[in-house]
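Undergrad: Structure below; questions to follow.
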Amino acid sequence: MTDPQQPDGFRPPAPPPVPPVPQASGPNPPQAPNGFPAPGGYQAPGYPAPGGAAPAYQAPVGAYQAPIGGYQIAAGPYSAPAAPEASARTTGVLALILSLAAAIVMPIIGATAAFAVGSIIPNAVDDVTSADLDSLAFLAPARDQVLWAEISFWAGTVLGIAAFVLGIVAIVKRRGRGQGIAGLIIAVLGPVVFFTAVFIALTVGAAVGAAQLT
């Protein structure tokens with residue numbers, strides 16, 4: 001169908017042909033400026049491309065290095081370390097024995113001798129002068145008992161000092177610490193026990209000797 005305003009047989013001219021798009025030449029596509037890759041996938045600098053193998057981890061210089069082959073597990077079941085052997089308690093026991101001898105045995109011997117001396121003194125006082133009192137000559141009738149009292153006193157002193165020293169050694173070196181403490185305490189109380197026992201025995205002996213005179 002033709003336009004009624006156009007003459008018969010009129011055709012409009014054909015449009016000009018579109019030129020073809022030029023193709024990029026060369027094996028590599030053009031790169032974007034400033035070193036960025038061309039479109040088609042972003043790749044961060046310094047990191048491997050997706051799908052590549054990750055680099056092995058390197059420990060920093062000076063860091064702790066694990067032993068080659070890993071840590072070794074001890075063979076066999078776990079066993080607690082053996083406890084140290086208990087120290088010998090001979091020193092503490094010896095200190096306790098010596099202190100008991102000084103605080104019990106020696107006071108008994110001294111008290112027995114003092115009782116005998118006390119029972120003899122009333123009989124010897126009747127014929128005693130003032131010079132005999134000054135020289136203790138009135139004790140001549142009981143010289144054996146007085147000698148035993150002196151022996152028990154000095155023996156108790158030596159035993160008490162030895163027990164005191166051994167008790168300190170036992171406490172410091174843990175050689176029977178409990179026995180050493182007990183021996184130390186008894187050795188300190190030994191002189192008090194000795195003089196108390198001798199005084200009481202002498203008083204009782206003197207009272208018995210005086211009663212025999214009446």
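Residues in the structure tokens are named by chain (A, B, ... in the order shown) and by number from 1 within that chain; ligands are numbered from 1 in the order shown.
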Taking 4 positions as the minimum chain separation for residues in the same chain, which residues sit within 8 Å of range 88-97 of chain A when counting only C-alpha atoms? Answer as an MDAnalysis selection string.
TA: chainID A and resid 101 162:167 169:171 174:184 186
Undergrad: Write the residues of the selection above to a file with N, CA and C atoms, as a compact mmCIF listing (two decimals), in the first residue's frame.
TA:
# COMPACT_ATOMS: atom_id res chain seq x y z
N ALA A 101 65.66 -39.62 131.38
CA ALA A 101 66.60 -40.04 132.43
C ALA A 101 66.98 -38.87 133.32
N ALA A 162 72.89 -32.81 127.22
CA ALA A 162 72.98 -33.64 126.02
C ALA A 162 71.62 -33.76 125.34
N ALA A 163 70.56 -33.95 126.13
CA ALA A 163 69.21 -34.05 125.56
C ALA A 163 68.80 -32.74 124.91
N PHE A 164 69.17 -31.62 125.49
CA PHE A 164 68.84 -30.31 124.93
C PHE A 164 69.49 -30.13 123.57
N VAL A 165 70.79 -30.46 123.48
CA VAL A 165 71.51 -30.29 122.21
C VAL A 165 70.97 -31.24 121.14
N LEU A 166 70.77 -32.51 121.50
CA LEU A 166 70.26 -33.48 120.53
C LEU A 166 68.84 -33.12 120.08
N GLY A 167 68.06 -32.56 120.99
CA GLY A 167 66.71 -32.14 120.61
C GLY A 167 66.73 -31.05 119.56
N VAL A 169 69.19 -30.52 117.40
CA VAL A 169 69.66 -31.13 116.15
C VAL A 169 68.54 -31.91 115.47
N ALA A 170 67.76 -32.65 116.25
CA ALA A 170 66.65 -33.43 115.68
C ALA A 170 65.60 -32.53 115.06
N ILE A 171 65.34 -31.39 115.65
CA ILE A 171 64.33 -30.46 115.11
C ILE A 171 64.83 -29.82 113.82
N ARG A 174 65.34 -32.59 111.09
CA ARG A 174 64.16 -33.44 110.93
C ARG A 174 64.51 -34.93 111.10
N ARG A 175 65.22 -35.21 112.14
CA ARG A 175 65.55 -36.59 112.48
C ARG A 175 64.79 -36.96 113.76
N GLY A 176 63.50 -37.20 113.59
CA GLY A 176 62.66 -37.44 114.76
C GLY A 176 62.27 -36.13 115.40
N ARG A 177 61.59 -35.30 114.60
CA ARG A 177 61.30 -33.94 115.06
C ARG A 177 60.38 -33.94 116.28
N GLY A 178 59.35 -34.79 116.27
CA GLY A 178 58.43 -34.83 117.41
C GLY A 178 59.12 -35.25 118.69
N GLN A 179 59.93 -36.31 118.61
CA GLN A 179 60.67 -36.76 119.78
C GLN A 179 61.68 -35.71 120.23
N GLY A 180 62.27 -35.00 119.25
CA GLY A 180 63.22 -33.95 119.61
C GLY A 180 62.57 -32.81 120.37
N ILE A 181 61.37 -32.42 119.94
CA ILE A 181 60.65 -31.35 120.65
C ILE A 181 60.30 -31.78 122.07
N ALA A 182 59.81 -33.02 122.21
CA ALA A 182 59.47 -33.52 123.54
C ALA A 182 60.71 -33.60 124.42
N GLY A 183 61.81 -34.11 123.86
CA GLY A 183 63.04 -34.19 124.64
C GLY A 183 63.55 -32.83 125.06
N LEU A 184 63.42 -31.83 124.17
CA LEU A 184 63.87 -30.48 124.49
C LEU A 184 63.06 -29.89 125.65
N ILE A 186 61.31 -31.55 128.00
CA ILE A 186 61.57 -32.29 129.24
C ILE A 186 62.95 -31.93 129.80
Undergrad: With distances taken over only C-alpha atoms, which residue among A:Phe115, A:Leu98, A:Phe153, A:Val146 lies nearest Val192 in chain A?
TA: A:Phe153
Undergrad: Looking at A:Ile168, A:Pro17, A:Ala187, A:Ala142, which one is nearest to Ala114 in chain A, with distances taken over only C-alpha atoms?
TA: A:Ala142
Undergrad: Applying 12 Å and only C-alpha atoms, which residues near Trp148 in chain A remain after dropping the ones on its own chain fewer than 4 positions away? List them as a PyMOL selection string.
TA: chain A and resi 106-117+142-144+152-156+198
Undergrad: What is the CA of Leu100 in chain A to CA of Ala197 in chain A distance in Å?
TA: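 That distance, rounded to one decimal, is 14.8 Å.
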Undergrad: Need to verify the contact set: range 209-211 of chain A, 10 Å, only C-alpha atoms, exclusion of same-chain residues closer than 2 positions in sequence. Can you return it as number ranges by chain?
TA: A: 115-123, 203-207, 213-214
Undergrad: Do you have the CA of Ala102 in chain A-CA of Ile161 in chain A distance handy?
TA: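 About the pair CA of Ala102 in chain A and CA of Ile161 in chain A: they are 9.1 Å apart.
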Undergrad: CA of Thr157 in chain A to CA of Ala103 in chain A: how many Å, to one decimal?
TA: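 Going from CA of Thr157 in chain A over to CA of Ala103 in chain A, I get 9.5 Å.
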